[in-house]
$ cat entry38.cif   # mmCIF, C-alpha atoms
data_upload
loop_
_atom_site.group_PDB
_atom_site.id
_atom_site.type_symbol
_atom_site.label_atom_id
_atom_site.label_comp_id
_atom_site.auth_asym_id
_atom_site.auth_seq_id
_atom_site.Cartn_x
_atom_site.Cartn_y
_atom_site.Cartn_z
ATOM 1 C CA MET Z 1 0.000 0.000 0.000
ATOM 2 C CA THR Z 2 1.363 3.380 -0.903
ATOM 3 C CA ALA Z 3 0.377 6.564 0.819
ATOM 4 C CA THR Z 4 -0.274 9.599 -1.250
ATOM 5 C CA ALA Z 5 -1.529 12.977 -0.210
ATOM 6 C CA GLU Z 6 -2.822 13.875 -3.613
ATOM 7 C CA MET Z 7 -6.364 12.890 -4.461
ATOM 8 C CA ILE Z 8 -6.612 10.384 -7.308
ATOM 9 C CA VAL Z 9 -9.457 11.326 -9.617
ATOM 10 C CA PRO Z 10 -10.521 8.788 -12.248
ATOM 11 C CA SER Z 11 -10.457 10.005 -15.797
ATOM 12 C CA PHE Z 12 -13.964 9.837 -17.211
ATOM 13 C CA ASP Z 13 -12.637 11.261 -20.462
ATOM 14 C CA ASP Z 14 -15.041 14.167 -20.193
ATOM 15 C CA GLU Z 15 -12.520 16.592 -21.555
ATOM 16 C CA LYS Z 16 -11.986 14.356 -24.568
ATOM 17 C CA GLU Z 17 -14.682 15.249 -27.081
ATOM 18 C CA THR Z 18 -15.357 11.697 -28.204
ATOM 19 C CA ASP Z 19 -16.638 11.287 -31.701
ATOM 20 C CA ARG Z 20 -16.856 7.554 -31.262
ATOM 21 C CA THR Z 21 -19.961 6.110 -32.874
ATOM 22 C CA LEU Z 22 -21.046 2.490 -32.945
ATOM 23 C CA ALA Z 23 -23.346 1.241 -35.701
ATOM 24 C CA ILE Z 24 -25.053 -2.062 -35.029
ATOM 25 C CA ILE Z 25 -26.910 -3.892 -37.777
ATOM 26 C CA CYS Z 26 -29.346 -6.421 -36.329
ATOM 27 C CA SER Z 27 -30.268 -8.874 -39.069
ATOM 28 C CA LYS Z 28 -31.424 -11.895 -37.069
ATOM 29 C CA GLY Z 29 -34.737 -12.305 -35.301
ATOM 30 C CA SER Z 30 -34.174 -15.226 -32.977
ATOM 31 C CA LEU Z 31 -34.095 -14.592 -29.245
ATOM 32 C CA ASP Z 32 -30.438 -15.538 -28.892
ATOM 33 C CA MET Z 33 -29.413 -13.210 -31.726
ATOM 34 C CA ALA Z 34 -31.526 -10.275 -30.524
ATOM 35 C CA TYR Z 35 -29.716 -9.849 -27.236
ATOM 36 C CA PRO Z 36 -26.076 -9.381 -28.338
ATOM 37 C CA GLY Z 37 -26.886 -6.188 -30.247
ATOM 38 C CA LEU Z 38 -29.039 -4.813 -27.440
ATOM 39 C CA ILE Z 39 -26.496 -5.616 -24.735
ATOM 40 C CA LEU Z 40 -23.494 -4.256 -26.632
ATOM 41 C CA GLY Z 41 -25.427 -1.166 -27.670
ATOM 42 C CA ASN Z 42 -26.450 -0.558 -24.078
ATOM 43 C CA ALA Z 43 -22.881 -0.986 -22.848
ATOM 44 C CA ALA Z 44 -21.583 1.463 -25.453
ATOM 45 C CA LEU Z 45 -24.225 4.048 -24.496
ATOM 46 C CA GLY Z 46 -23.147 3.744 -20.864
ATOM 47 C CA GLU Z 47 -19.605 4.607 -21.956
ATOM 48 C CA GLY Z 48 -20.715 7.774 -23.682
ATOM 49 C CA VAL Z 49 -20.542 6.329 -27.212
ATOM 50 C CA ASP Z 50 -23.166 7.345 -29.807
ATOM 51 C CA VAL Z 51 -25.093 4.275 -30.911
ATOM 52 C CA HIS Z 52 -27.195 3.670 -34.022
ATOM 53 C CA LEU Z 53 -29.059 0.396 -34.455
ATOM 54 C CA PHE Z 54 -30.435 -0.675 -37.824
ATOM 55 C CA PHE Z 55 -33.004 -3.465 -37.833
ATOM 56 C CA THR Z 56 -33.200 -5.357 -41.073
ATOM 57 C CA PHE Z 57 -34.437 -8.671 -42.509
ATOM 58 C CA TRP Z 58 -35.178 -11.143 -39.715
ATOM 59 C CA GLY Z 59 -33.929 -8.596 -37.224
ATOM 60 C CA PHE Z 60 -37.064 -6.603 -38.076
ATOM 61 C CA ASP Z 61 -39.013 -8.851 -35.680
ATOM 62 C CA ILE Z 62 -37.102 -7.307 -32.758
ATOM 63 C CA ILE Z 63 -38.813 -3.949 -33.318
ATOM 64 C CA THR Z 64 -42.159 -5.248 -34.631
ATOM 65 C CA LYS Z 65 -44.779 -4.756 -31.923
ATOM 66 C CA GLY Z 66 -46.647 -7.990 -32.598
ATOM 67 C CA ARG Z 67 -43.472 -10.064 -32.589
ATOM 68 C CA MET Z 68 -40.920 -8.529 -30.255
ATOM 69 C CA GLU Z 69 -42.374 -10.285 -27.231
ATOM 70 C CA HIS Z 70 -42.433 -13.685 -28.879
ATOM 71 C CA LEU Z 71 -38.923 -14.166 -30.247
ATOM 72 C CA LYS Z 72 -37.851 -17.801 -30.204
ATOM 73 C CA PHE Z 73 -34.674 -19.687 -29.592
ATOM 74 C CA SER Z 74 -34.287 -22.860 -31.625
ATOM 75 C CA PRO Z 75 -31.702 -25.547 -30.860
ATOM 76 C CA VAL Z 76 -31.975 -26.817 -34.471
ATOM 77 C CA GLY Z 77 -28.675 -26.561 -36.300
ATOM 78 C CA ASN Z 78 -27.074 -24.956 -33.270
ATOM 79 C CA PRO Z 79 -24.306 -27.107 -31.774
ATOM 80 C CA ALA Z 80 -23.898 -24.565 -28.989
ATOM 81 C CA ALA Z 81 -27.345 -25.556 -27.688
ATOM 82 C CA HIS Z 82 -25.632 -28.681 -26.287
ATOM 83 C CA MET Z 83 -28.385 -31.001 -27.385
ATOM 84 C CA PRO Z 84 -28.105 -34.175 -29.494
ATOM 85 C CA ALA Z 85 -28.755 -33.107 -33.100
ATOM 86 C CA ALA Z 86 -31.474 -35.748 -33.556
ATOM 87 C CA LEU Z 87 -33.497 -34.397 -30.626
ATOM 88 C CA ALA Z 88 -33.384 -30.728 -31.571
ATOM 89 C CA PRO Z 89 -36.090 -30.878 -34.299
ATOM 90 C CA LEU Z 90 -38.602 -32.767 -32.128
ATOM 91 C CA PRO Z 91 -41.956 -31.031 -31.582
ATOM 92 C CA GLY Z 92 -41.981 -28.742 -28.559
ATOM 93 C CA MET Z 93 -38.205 -28.434 -28.419
ATOM 94 C CA THR Z 94 -38.106 -24.804 -29.583
ATOM 95 C CA THR Z 95 -40.812 -23.843 -27.095
ATOM 96 C CA MET Z 96 -38.898 -25.527 -24.320
ATOM 97 C CA ALA Z 97 -35.545 -24.024 -25.293
ATOM 98 C CA THR Z 98 -37.132 -20.571 -25.587
ATOM 99 C CA HIS Z 99 -38.750 -20.944 -22.197
ATOM 100 C CA MET Z 100 -35.453 -21.957 -20.619
ATOM 101 C CA MET Z 101 -33.571 -19.079 -22.173
ATOM 102 C CA ASN Z 102 -36.194 -16.550 -21.075
ATOM 103 C CA LYS Z 103 -36.034 -17.971 -17.584
ATOM 104 C CA SER Z 104 -32.241 -17.644 -17.375
ATOM 105 C CA LEU Z 105 -32.447 -14.078 -18.665
ATOM 106 C CA GLU Z 106 -35.122 -13.226 -16.144
ATOM 107 C CA GLU Z 107 -33.111 -14.686 -13.291
ATOM 108 C CA LEU Z 108 -30.238 -12.403 -14.236
ATOM 109 C CA GLU Z 109 -32.668 -9.472 -14.334
ATOM 110 C CA ILE Z 110 -32.043 -8.932 -18.037
ATOM 111 C CA PRO Z 111 -34.991 -6.975 -19.443
ATOM 112 C CA SER Z 112 -37.350 -8.444 -22.032
ATOM 113 C CA VAL Z 113 -36.838 -7.275 -25.628
ATOM 114 C CA PRO Z 114 -39.478 -4.485 -25.516
ATOM 115 C CA GLU Z 115 -38.154 -3.247 -22.170
ATOM 116 C CA PHE Z 116 -34.602 -3.399 -23.475
ATOM 117 C CA LEU Z 117 -35.548 -1.213 -26.431
ATOM 118 C CA GLU Z 118 -37.073 1.310 -24.006
ATOM 119 C CA LEU Z 119 -33.874 1.223 -21.964
ATOM 120 C CA ILE Z 120 -31.490 1.893 -24.830
ATOM 121 C CA LYS Z 121 -33.825 4.523 -26.250
ATOM 122 C CA ALA Z 122 -33.833 6.329 -22.894
ATOM 123 C CA SER Z 123 -30.030 6.071 -22.889
ATOM 124 C CA GLY Z 124 -29.906 7.929 -26.200
ATOM 125 C CA ALA Z 125 -29.751 5.216 -28.866
ATOM 126 C CA LYS Z 126 -30.956 5.969 -32.386
ATOM 127 C CA ILE Z 127 -33.215 3.182 -33.585
ATOM 128 C CA TRP Z 128 -33.759 2.720 -37.310
ATOM 129 C CA ALA Z 129 -35.943 0.344 -39.294
ATOM 130 C CA CYS Z 130 -35.005 -0.900 -42.749
ATOM 131 C CA ARG Z 131 -37.213 0.409 -45.559
ATOM 132 C CA LEU Z 132 -37.052 -2.767 -47.644
ATOM 133 C CA SER Z 133 -37.933 -4.984 -44.660
ATOM 134 C CA ALA Z 134 -40.912 -2.755 -43.867
ATOM 135 C CA ASP Z 135 -42.133 -3.021 -47.467
ATOM 136 C CA MET Z 136 -41.613 -6.793 -47.596
ATOM 137 C CA ASN Z 137 -43.598 -7.280 -44.398
ATOM 138 C CA HIS Z 138 -46.225 -4.650 -45.345
ATOM 139 C CA LEU Z 139 -45.567 -2.762 -42.125
ATOM 140 C CA ASP Z 140 -45.360 0.928 -41.327
ATOM 141 C CA GLU Z 141 -44.294 2.979 -38.282
ATOM 142 C CA SER Z 142 -47.540 2.233 -36.443
ATOM 143 C CA ASP Z 143 -46.582 -1.463 -36.357
ATOM 144 C CA LEU Z 144 -43.133 -0.780 -34.970
ATOM 145 C CA PHE Z 145 -41.544 0.118 -31.628
ATOM 146 C CA ASP Z 146 -42.859 3.512 -30.485
ATOM 147 C CA GLY Z 147 -39.390 4.917 -29.912
ATOM 148 C CA LEU Z 148 -38.368 4.330 -33.520
ATOM 149 C CA ASP Z 149 -36.387 7.184 -35.059
ATOM 150 C CA GLY Z 150 -37.539 6.339 -38.541
ATOM 151 C CA ILE Z 151 -37.731 3.939 -41.460
ATOM 152 C CA ILE Z 152 -34.733 4.509 -43.687
ATOM 153 C CA ASN Z 153 -32.978 2.741 -46.520
ATOM 154 C CA ALA Z 154 -29.553 1.145 -46.450
ATOM 155 C CA SER Z 155 -27.850 4.131 -48.085
ATOM 156 C CA ASP Z 156 -29.324 6.488 -45.500
ATOM 157 C CA PHE Z 157 -27.937 4.306 -42.747
ATOM 158 C CA ILE Z 158 -24.480 4.153 -44.282
ATOM 159 C CA GLU Z 159 -24.530 7.926 -44.676
ATOM 160 C CA LEU Z 160 -25.713 8.468 -41.088
ATOM 161 C CA THR Z 161 -22.983 6.314 -39.634
ATOM 162 C CA GLU Z 162 -20.038 7.730 -41.521
ATOM 163 C CA GLY Z 163 -16.821 6.962 -39.654
ATOM 164 C CA ALA Z 164 -18.593 4.680 -37.147
ATOM 165 C CA GLN Z 165 -17.374 1.342 -35.906
ATOM 166 C CA LEU Z 166 -19.670 -1.315 -37.255
ATOM 167 C CA LEU Z 167 -21.138 -4.516 -35.904
ATOM 168 C CA PHE Z 168 -23.156 -6.864 -38.082
ATOM 169 C CA ILE Z 169 -25.191 -9.333 -36.092
ATOM 170 C CA MET T 1 -4.521 0.102 -3.582
ATOM 171 C CA ALA T 2 -3.459 3.428 -2.171
ATOM 172 C CA THR T 3 -4.599 5.818 0.461
ATOM 173 C CA THR T 4 -5.517 9.318 -0.390
ATOM 174 C CA VAL T 5 -6.847 12.299 1.517
ATOM 175 C CA ILE T 6 -10.310 13.400 0.572
ATOM 176 C CA ASN T 7 -11.834 16.310 2.412
ATOM 177 C CA GLY T 8 -9.221 16.006 5.149
ATOM 178 C CA LYS T 9 -9.916 12.323 5.730
ATOM 179 C CA GLU T 10 -7.573 9.516 4.815
ATOM 180 C CA VAL T 11 -9.345 6.879 2.707
ATOM 181 C CA VAL T 12 -8.359 3.766 0.738
ATOM 182 C CA VAL T 13 -8.895 3.915 -3.020
ATOM 183 C CA ASP T 14 -8.131 1.635 -5.979
ATOM 184 C CA ASP T 15 -5.794 2.508 -8.845
ATOM 185 C CA GLU T 16 -8.422 4.627 -10.561
ATOM 186 C CA GLY T 17 -9.417 6.499 -7.425
ATOM 187 C CA PHE T 18 -12.630 4.622 -6.535
ATOM 188 C CA MET T 19 -13.061 4.170 -2.790
ATOM 189 C CA THR T 20 -12.843 0.579 -1.604
ATOM 190 C CA GLN T 21 -13.928 0.762 2.048
ATOM 191 C CA TYR T 22 -17.688 1.153 2.405
ATOM 192 C CA ASP T 23 -17.509 2.629 5.891
ATOM 193 C CA GLN T 24 -14.963 5.317 5.097
ATOM 194 C CA TRP T 25 -17.501 7.209 3.001
ATOM 195 C CA ASP T 26 -19.586 10.098 4.297
ATOM 196 C CA GLU T 27 -21.649 12.847 2.722
ATOM 197 C CA ASP T 28 -18.851 15.403 2.864
ATOM 198 C CA ILE T 29 -16.605 13.013 0.994
ATOM 199 C CA ALA T 30 -19.337 12.541 -1.602
ATOM 200 C CA SER T 31 -19.473 16.298 -2.126
ATOM 201 C CA ALA T 32 -15.693 16.398 -2.563
ATOM 202 C CA LEU T 33 -15.744 13.484 -5.020
ATOM 203 C CA ALA T 34 -18.566 15.100 -6.993
ATOM 204 C CA ALA T 35 -16.709 18.392 -7.143
ATOM 205 C CA ALA T 36 -13.607 16.586 -8.417
ATOM 206 C CA ILE T 37 -15.520 15.337 -11.463
ATOM 207 C CA ASP T 38 -17.550 18.530 -11.949
ATOM 208 C CA VAL T 39 -20.914 17.269 -10.779
ATOM 209 C CA ASP T 40 -23.035 19.716 -8.764
ATOM 210 C CA LEU T 41 -25.034 17.647 -6.319
ATOM 211 C CA THR T 42 -28.771 18.319 -6.167
ATOM 212 C CA ASP T 43 -31.527 16.513 -4.255
ATOM 213 C CA GLU T 44 -32.006 14.271 -7.266
ATOM 214 C CA HIS T 45 -28.345 13.265 -7.196
ATOM 215 C CA TRP T 46 -28.648 12.487 -3.503
ATOM 216 C CA LYS T 47 -31.655 10.284 -4.127
ATOM 217 C CA VAL T 48 -29.535 8.186 -6.503
ATOM 218 C CA ILE T 49 -26.497 8.151 -4.224
ATOM 219 C CA ASN T 50 -28.534 7.124 -1.191
ATOM 220 C CA PHE T 51 -30.194 4.348 -3.180
ATOM 221 C CA LEU T 52 -26.792 3.091 -4.347
ATOM 222 C CA ARG T 53 -25.468 3.042 -0.791
ATOM 223 C CA GLU T 54 -28.496 1.196 0.575
ATOM 224 C CA ASP T 55 -28.703 -1.277 -2.282
ATOM 225 C CA PHE T 56 -25.000 -2.074 -2.053
ATOM 226 C CA LYS T 57 -25.332 -2.676 1.677
ATOM 227 C CA GLU T 58 -28.194 -5.072 1.044
ATOM 228 C CA LYS T 59 -26.986 -6.866 -2.088
ATOM 229 C CA GLY T 60 -23.238 -6.569 -1.805
ATOM 230 C CA GLU T 61 -22.853 -5.160 -5.298
ATOM 231 C CA THR T 62 -23.255 -1.800 -6.971
ATOM 232 C CA PRO T 63 -26.597 -1.511 -8.781
ATOM 233 C CA THR T 64 -26.539 -1.001 -12.550
ATOM 234 C CA ILE T 65 -28.320 1.821 -14.387
ATOM 235 C CA ARG T 66 -31.230 -0.495 -15.036
ATOM 236 C CA ARG T 67 -31.532 -1.423 -11.385
ATOM 237 C CA VAL T 68 -31.458 2.213 -10.317
ATOM 238 C CA SER T 69 -34.394 2.826 -12.638
ATOM 239 C CA THR T 70 -36.436 -0.288 -11.789
ATOM 240 C CA ALA T 71 -35.732 -0.545 -8.054
ATOM 241 C CA GLY T 72 -34.525 2.978 -7.239
ATOM 242 C CA GLY T 73 -37.182 4.875 -9.164
ATOM 243 C CA VAL T 74 -34.888 7.226 -11.093
ATOM 244 C CA ASP T 75 -35.342 6.685 -14.810
ATOM 245 C CA THR T 76 -32.517 6.116 -17.250
ATOM 246 C CA LYS T 77 -32.912 9.398 -19.107
ATOM 247 C CA LYS T 78 -32.637 11.288 -15.840
ATOM 248 C CA LEU T 79 -29.489 9.365 -14.867
ATOM 249 C CA PHE T 80 -27.798 10.445 -18.084
ATOM 250 C CA GLN T 81 -28.727 14.050 -17.254
ATOM 251 C CA LEU T 82 -27.527 13.857 -13.651
ATOM 252 C CA PHE T 83 -24.277 12.037 -14.412
ATOM 253 C CA PRO T 84 -23.493 12.927 -18.025
ATOM 254 C CA LYS T 85 -22.070 10.392 -20.478
ATOM 255 C CA LYS T 86 -21.028 7.680 -18.036
ATOM 256 C CA PRO T 87 -23.719 7.515 -15.374
ATOM 257 C CA ALA T 88 -22.878 4.058 -13.996
ATOM 258 C CA LYS T 89 -19.258 4.926 -13.278
ATOM 259 C CA LYS T 90 -19.833 8.462 -12.082
ATOM 260 C CA MET T 91 -22.621 7.647 -9.668
ATOM 261 C CA SER T 92 -20.699 4.773 -8.098
ATOM 262 C CA TYR T 93 -17.591 6.937 -7.797
ATOM 263 C CA ILE T 94 -19.472 9.609 -5.850
ATOM 264 C CA ALA T 95 -21.235 6.985 -3.728
ATOM 265 C CA GLY T 96 -17.873 5.531 -2.743
ATOM 266 C CA LEU T 97 -18.634 2.165 -4.326
ATOM 267 C CA PRO T 98 -16.924 -0.011 -6.940
ATOM 268 C CA LYS T 99 -18.070 0.225 -10.573
ATOM 269 C CA PRO T 100 -21.036 -2.042 -11.318
ATOM 270 C CA HIS T 101 -20.097 -5.501 -12.620
ATOM 271 C CA GLY T 102 -23.377 -6.315 -14.341
ATOM 272 C CA CYS T 103 -23.686 -5.975 -18.128
ATOM 273 C CA VAL T 104 -27.192 -4.564 -18.013
#

$ encode --input "entry38.cif" --output "structure tokens"
Amino acid sequence: MTATAEMIVPSFDDEKETDRTLAIICSKGSLDMAYPGLILGNAALGEGVDVHLFFTFWGFDIITKGRMEHLKFSPVGNPAAHMPAALAPLPGMTTMATHMMNKSLEELEIPSVPEFLELIKASGAKIWACRLSADMNHLDESDLFDGLDGIINASDFIELTEGAQLLFI
Amino acid sequence: MATTVINGKEVVVDDEGFMTQYDQWDEDIASALAAAIDVDLTDEHWKVINFLREDFKEKGETPTIRRVSTAGGVDTKKLFQLFPKKPAKKMSYIAGLPKPHGCV
């Protein structure tokens, strides 16, 4: 232990005008693929990083009101589910796996998908929906998460996130 | 680990300057810590700090931003206003607690 008279103040990098931006493209709509983007986005926001999330293709389900609460986790074709491959496609297996995953998440006090969207929105995230996915699913803003910043096309998103670090999930 | 003098009191801190001994903290120290990182403490700040102290005492870990909003009743948007940019770290620093370990 060293004694020092001077007060040690942590550097919160406030003086550094960070222009760090993280762009996260969420393209998958299964429960296990919805969380990584939300968790990483949330962590980045807590570190003062600007975060843009773009929901596209299957990832569109994450922000679709009628679907966001019912995302599923399937052990089929997923060796990381630690289940014999022949059992995974049996009826009821997806329901069971989904139930178990939701239970583990709940035990760890991880918010549900809709709540998580509210959380990152309140933390300052920009949430974008993909124009093509909206058209393919015949959905408009009224069908999507209330905190949505807009429905934009891929070029708009690329333009918006110029210089950003990018995650494709 | 090192000791440092905050507000005339000798306290133990980690390498970054976060206090490590729960009982060494008091409200005057909190004011000094807040001043050091340019946070002006208001009643709303105190509500958060007091919740952090109580929750840590009960649970043994620093509550995350989400827990402060669900269990402590101060919403996320407000936390970002009170402790700009890095609320989780700043609020625990002022409350004399370690940084939260939880991801969410």

$ residues_around --input "entry38.cif" --residues "Ser27 of chain Z" --least-positions-apart "3" --cutoff "9 Å" --atoms "all atoms listed in the file" --output "list in words"
Met33, Ala34, Phe54, Phe55, Thr56, Phe57, Trp58, Gly59, Phe60, Phe168 and Ile169 of chain Z

$ interface_residues --input "entry38.cif" --of "chain T" --to "chain Z" --cutoff "8 Å" --atoms "all atoms listed in the file" --output "number ranges by chain"
T: 1-6, 16-18, 36-37, 66, 76-77, 80, 85-88, 90, 103-104

$ atom_distance --input "entry38.cif" --atom1 "atom CA of Tyr35 of chain Z" --atom2 "atom CA of Lys103 of chain Z"
14.1 Å

$ resolve_selection --input "entry38.cif" --expression "the PyMOL selection byres ((chain T and resi 19) around 9)" --output "ChimeraX atom specification"
/T:11-14,17-18,20-22,24-25,93-98

$ residues_around --input "entry38.cif" --residues "Pro114 of chain Z" --least-positions-apart "4" --cutoff "8 Å" --atoms "all atoms listed in the file" --output "NGL selection string"
:Z and (63 or 68-69 or 118 or 145)

$ write_last_selection --input "entry38.cif" --atoms "C-alpha atoms" --output "CSV table (one decimal), in the coordinates of the input"
chain,number,residue,atom,x,y,z
Z,63,ILE,CA,-38.8,-3.9,-33.3
Z,68,MET,CA,-40.9,-8.5,-30.3
Z,69,GLU,CA,-42.4,-10.3,-27.2
Z,118,GLU,CA,-37.1,1.3,-24.0
Z,145,PHE,CA,-41.5,0.1,-31.6

$ atom_distance --input "entry38.cif" --atom1 "atom CA of His99 of chain Z" --atom2 "atom CA of Ser112 of chain Z"
12.6 Å

$ atom_distance --input "entry38.cif" --atom1 "atom CA of His52 of chain Z" --atom2 "atom CA of Ile127 of chain Z"
6.1 Å

$ resolve_selection --input "entry38.cif" --expression "the PyMOL selection byres ((chain T and resi 38-55) around 9)" --output "PyMOL selection string"
chain T and resi 22+30-31+33-37+56-63+68+71-74+79+82-84+90-92+94-97

$ residues_near_point --input "entry38.cif" --point "(-24.2, 1.4, -32.0)" --cutoff "6 Å" --atoms "all atoms listed in the file" --output "PyMOL selection string"
chain Z and resi 22-24+41+51-53

$ residues_around --input "entry38.cif" --residues "segment 146-162 of chain Z" --least-positions-apart "4" --cutoff "6 Å" --atoms "all atoms listed in the file" --output "JSON, numbers by chain"
{"Z": [127, 128, 129, 130, 131]}

$ closest_residue --input "entry38.cif" --among "Z:Met100, Z:Leu167, Z:Leu31, Z:Leu105" --to "Asp61 of chain Z" --atoms "all atoms listed in the file"
Z:Leu31

$ decode --input "entry38.cif" --residues "segment 9-50 of chain T" --atoms "C-alpha atoms" --output "short mmCIF file (atom, residue, chain, number, x, y, z; two decimals), in the first residue's frame"
data_model
loop_
_atom_site.label_atom_id
_atom_site.label_comp_id
_atom_site.auth_asym_id
_atom_site.auth_seq_id
_atom_site.Cartn_x
_atom_site.Cartn_y
_atom_site.Cartn_z
CA LYS T 9 -9.92 12.32 5.73
CA GLU T 10 -7.57 9.52 4.82
CA VAL T 11 -9.34 6.88 2.71
CA VAL T 12 -8.36 3.77 0.74
CA VAL T 13 -8.89 3.91 -3.02
CA ASP T 14 -8.13 1.63 -5.98
CA ASP T 15 -5.79 2.51 -8.84
CA GLU T 16 -8.42 4.63 -10.56
CA GLY T 17 -9.42 6.50 -7.42
CA PHE T 18 -12.63 4.62 -6.54
CA MET T 19 -13.06 4.17 -2.79
CA THR T 20 -12.84 0.58 -1.60
CA GLN T 21 -13.93 0.76 2.05
CA TYR T 22 -17.69 1.15 2.41
CA ASP T 23 -17.51 2.63 5.89
CA GLN T 24 -14.96 5.32 5.10
CA TRP T 25 -17.50 7.21 3.00
CA ASP T 26 -19.59 10.10 4.30
CA GLU T 27 -21.65 12.85 2.72
CA ASP T 28 -18.85 15.40 2.86
CA ILE T 29 -16.60 13.01 0.99
CA ALA T 30 -19.34 12.54 -1.60
CA SER T 31 -19.47 16.30 -2.13
CA ALA T 32 -15.69 16.40 -2.56
CA LEU T 33 -15.74 13.48 -5.02
CA ALA T 34 -18.57 15.10 -6.99
CA ALA T 35 -16.71 18.39 -7.14
CA ALA T 36 -13.61 16.59 -8.42
CA ILE T 37 -15.52 15.34 -11.46
CA ASP T 38 -17.55 18.53 -11.95
CA VAL T 39 -20.91 17.27 -10.78
CA ASP T 40 -23.04 19.72 -8.76
CA LEU T 41 -25.03 17.65 -6.32
CA THR T 42 -28.77 18.32 -6.17
CA ASP T 43 -31.53 16.51 -4.26
CA GLU T 44 -32.01 14.27 -7.27
CA HIS T 45 -28.35 13.26 -7.20
CA TRP T 46 -28.65 12.49 -3.50
CA LYS T 47 -31.66 10.28 -4.13
CA VAL T 48 -29.53 8.19 -6.50
CA ILE T 49 -26.50 8.15 -4.22
CA ASN T 50 -28.53 7.12 -1.19
#
